[in-house]
Amino acid sequence: MKEEFFPVPLKRIVVDSIPDFPLYIKQKERYVLFRGANYTFAHDNLENLMRNNVVSLFVAKTDIKLYEKYRERMRTDDEGVSRDQGFDGIFVDREEVERYYNVVDHFHVIDTRLLEAGMKVDFPIYFHQDNDVHQFQEFEAAGACSWEITPAIAGSQLPLMIRKDDLTAYRLFVEQLMTASMGGERTELEVVQKKATVLREMTKMVVQDVLDDPRSGEKIKNVSDSVQGLVGFILENETSYYSLMRISSHDFYTYIHSLNVCTLCVGLGSAIGLPHKPDLEQLGLGGMLHDVGKSLVDSRLINKPGRLTEEEFAQMRNHVMLGVDLLKEHHKLPVHVLEPVAQHHEKLSGIGYPHGIKGNQLTLFGRISSIVDIYDALTTKRSYKPAFSPFEALSFLSKTEADYDKGLLRAFIMMLGKQIEQEKKM
């Protein structure tokens, strides 16, 4: 009698656990042994499967009882604490997790590249280290309301932050930089990079505004205006979007991902020859709003310093339709703007979500956003995983050719190749 198998998603096999049943992979119509029973499922095993576009392993139906017991065992460890509810990243202690959330809730990451020695600011600056926030000594003088940026602050290699209570003052500071002269001794490339950094920082705050209040028509308009400025800047400066795409590893908020996706969407759209109006502006706005549904998801899931459990991931998946419904209900946006919102997690192969559409059912904007979204996710450092290099991320995408548009992926690789060359010149 022919042995039968059932599929098991990769996320259900816990790294460093020891399944007491064999694991198989499917090759065409055959099931091939991948890992024998009672061997550790190591992180390298997971990485190898992901790089080869394996999304599920298979277990023999005769081992279903062993699999069910394994899943139950993974849910509860020897101390009676749910493994799936823990934080398998940099934190173990619950107080450390709470301290992390306190930082996310009360502080805003700023871009160090905006600060130059001698600048005057009217808000204190902090540095983030060891899961805590510390104020620079220069800002500790009691009663002071204006401070000078020292070379030590401007050259700091640590993540810099301000209190969210000081965002109004910081916004005014960035607005003044937008209108200030950036010439002097800077080269033309340095001027473009500086302008890109200022524009990027201003846009981050606009995106944060709309995620805080996504029903506001005024804030949606501000996002739209910001996207128009980004598109214009990209088209006017040949290398500008390379600077806009320079990702700060210290930005761990949803709005920086939204900005990255917008920028990369516009860059790829421009690379394939889409016109400025209305295509690039609508594509960019869709990219900027693609995760707006996350504003309706528990913020502790959005900023969780560890992998999501199966239940949490199911909740997170709801953000797609929450975003589409929110935008349809409260705003009159062109239909193409909604396509990246609705389709950035869909795949050509039909294994995406929320609807599992495939092939020609995905629009051009949907195909672009699905490539860009996964690329930015792969190249962003998380507390529980290192960031892929651009080469590693593109290699991974190339091996999942059934999921992504080959022509768009080829154009995206060429576009990112130019970015890498540009980075070498900096």
# chains A, B, ... in the order shown; residues from 1 in each chain; ligands from 1
$ select_by_dssp --residues "stretch 15-84 of chain A" --states "strand (DSSP E or B)" --output "JSON, numbers by chain"
{"A": [17, 23, 24, 25, 26, 27, 30, 31, 32, 33, 34, 35, 41, 56, 57, 58, 59, 60]}
$ residues_around --residues "stretch 269-281 of chain A" --least-positions-apart "5" --cutoff "9 Å" --atoms "only C-alpha atoms" --output "PDB file with C-alpha atoms, in the first residue's frame"
ATOM      1  CA  SER A 224      -0.443  62.184  -1.081  1.00  0.00           C
ATOM      2  CA  VAL A 227       4.401  61.103  -2.346  1.00  0.00           C
ATOM      3  CA  GLN A 228       4.180  63.702  -5.107  1.00  0.00           C
ATOM      4  CA  LEU A 230       9.113  62.038  -3.482  1.00  0.00           C
ATOM      5  CA  VAL A 231       8.218  61.139  -7.072  1.00  0.00           C
ATOM      6  CA  GLY A 232       9.302  64.559  -8.315  1.00  0.00           C
ATOM      7  CA  ILE A 234      13.317  60.864  -7.783  1.00  0.00           C
ATOM      8  CA  LEU A 235      12.624  61.916 -11.368  1.00  0.00           C
ATOM      9  CA  LEU A 264      11.125  51.112  -4.087  1.00  0.00           C
ATOM     10  CA  GLY A 286      -0.492  52.794  -2.764  1.00  0.00           C
ATOM     11  CA  HIS A 336      -5.146  51.696  -8.637  1.00  0.00           C
ATOM     12  CA  VAL A 337      -4.041  53.174  -5.278  1.00  0.00           C
ATOM     13  CA  PHE A 365       0.735  47.494  -9.152  1.00  0.00           C
ATOM     14  CA  ILE A 368       5.288  45.405  -8.103  1.00  0.00           C
ATOM     15  CA  LEU A 408       9.580  42.811 -13.045  1.00  0.00           C
ATOM     16  CA  ALA A 411      14.108  44.972 -13.731  1.00  0.00           C
ATOM     17  CA  PHE A 412      14.184  45.149  -9.931  1.00  0.00           C
ATOM     18  CA  MET A 414      19.024  45.658 -12.335  1.00  0.00           C
ATOM     19  CA  MET A 415      17.702  48.663 -10.419  1.00  0.00           C
TER      20      MET A 415
END
$ residues_around --residues "A:Ile110" --least-positions-apart "6" --cutoff "12 Å" --atoms "only C-alpha atoms" --output "VMD selection string"
chain A and resid 124 to 128 154 158 to 164 166 to 167 170 to 171 173 to 174 197 to 198 200 to 202 204 to 205 248 to 253 256
$ write_last_selection --atoms "C-alpha atoms" --output "PDB file, in the first residue's frame"
ATOM      1  CA  PRO A 124      16.808  67.030  24.036  1.00  0.00           C
ATOM      2  CA  ILE A 125      18.352  64.064  22.216  1.00  0.00           C
ATOM      3  CA  TYR A 126      18.759  60.568  23.632  1.00  0.00           C
ATOM      4  CA  PHE A 127      20.706  57.482  22.592  1.00  0.00           C
ATOM      5  CA  HIS A 128      19.351  53.917  22.602  1.00  0.00           C
ATOM      6  CA  ALA A 154      26.730  64.307  15.397  1.00  0.00           C
ATOM      7  CA  LEU A 158      24.251  54.636  18.426  1.00  0.00           C
ATOM      8  CA  PRO A 159      20.565  55.008  17.511  1.00  0.00           C
ATOM      9  CA  LEU A 160      19.399  58.532  18.344  1.00  0.00           C
ATOM     10  CA  MET A 161      15.916  59.331  19.621  1.00  0.00           C
ATOM     11  CA  ILE A 162      13.702  62.126  20.840  1.00  0.00           C
ATOM     12  CA  ARG A 163      10.636  61.988  23.066  1.00  0.00           C
ATOM     13  CA  LYS A 164       7.402  61.785  21.118  1.00  0.00           C
ATOM     14  CA  ASP A 166       8.981  66.783  21.262  1.00  0.00           C
ATOM     15  CA  LEU A 167       7.818  65.767  17.781  1.00  0.00           C
ATOM     16  CA  TYR A 170      11.518  68.258  15.774  1.00  0.00           C
ATOM     17  CA  ARG A 171       9.143  68.649  12.823  1.00  0.00           C
ATOM     18  CA  PHE A 173      13.564  71.666  12.843  1.00  0.00           C
ATOM     19  CA  VAL A 174      13.280  69.328   9.827  1.00  0.00           C
ATOM     20  CA  THR A 197      17.643  62.414   4.092  1.00  0.00           C
ATOM     21  CA  VAL A 198      15.601  65.498   5.009  1.00  0.00           C
ATOM     22  CA  ARG A 200      12.811  60.986   4.019  1.00  0.00           C
ATOM     23  CA  GLU A 201      12.669  62.166   7.639  1.00  0.00           C
ATOM     24  CA  MET A 202       9.781  64.535   6.947  1.00  0.00           C
ATOM     25  CA  LYS A 204       8.363  59.396   8.039  1.00  0.00           C
ATOM     26  CA  MET A 205       6.468  61.786  10.301  1.00  0.00           C
ATOM     27  CA  SER A 248      18.632  52.897   8.863  1.00  0.00           C
ATOM     28  CA  SER A 249      18.868  49.650  10.818  1.00  0.00           C
ATOM     29  CA  HIS A 250      17.632  51.514  13.880  1.00  0.00           C
ATOM     30  CA  ASP A 251      14.199  52.313  12.440  1.00  0.00           C
ATOM     31  CA  PHE A 252      11.916  49.554  13.663  1.00  0.00           C
ATOM     32  CA  TYR A 253       8.564  51.219  13.161  1.00  0.00           C
ATOM     33  CA  ILE A 256       9.707  53.407   7.832  1.00  0.00           C
TER      34      ILE A 256
END
$ closest_residue --among "A:Phe41, A:Glu329, A:Phe6, A:Thr363" --to "A:Asp63" --atoms "only C-alpha atoms"
A:Phe6
$ closest_residue --among "A:Leu10, A:His134, A:Gln361, A:Leu308" --to "A:Asn48" --atoms "only C-alpha atoms"
A:Leu10
$ closest_residue --among "A:Ile13, A:Asn53, A:Lys347, A:Val261" --to "A:Ser395" --atoms "only C-alpha atoms"
A:Asn53
$ residues_around --residues "A:Gly323" --least-positions-apart "5" --cutoff "10 Å" --atoms "only C-alpha atoms" --output "PyMOL selection string"
chain A and resi 214+289-296+318+328-329+338+341-342
$ select_by_dssp --residues "stretch 262-374 of chain A" --states "alpha helix (DSSP H)" --output "VMD selection string"
chain A and resid 262 to 271 281 to 288 299 to 302 310 to 317 319 to 330 335 to 343 364 to 374
$ closest_residue --among "A:Tyr375, A:Phe21, A:Tyr39, A:Phe34" --to "A:Glu392" --atoms "only C-alpha atoms"
A:Tyr375
$ closest_residue --among "A:Leu285, A:Leu115, A:Leu33, A:Ile413" --to "A:Phe5" --atoms "only C-alpha atoms"
A:Leu33
$ closest_residue --among "A:Arg307, A:Pro340, A:Thr254, A:Asp212" --to "A:Val15" --atoms "only C-alpha atoms"
A:Arg307
$ residues_around --residues "A:Asp16" --least-positions-apart "2" --cutoff "8 Å" --atoms "only C-alpha atoms" --output "PyMOL selection string"
chain A and resi 14+18+40-43
$ residues_around --residues "A:Val207" --least-positions-apart "4" --cutoff "7 Å" --atoms "only C-alpha atoms" --output "PyMOL selection string"
chain A and resi 203+211+223+255
$ atom_distance --atom1 "atom CA of A:Val54" --atom2 "atom CA of A:Arg73"
24.4 Å
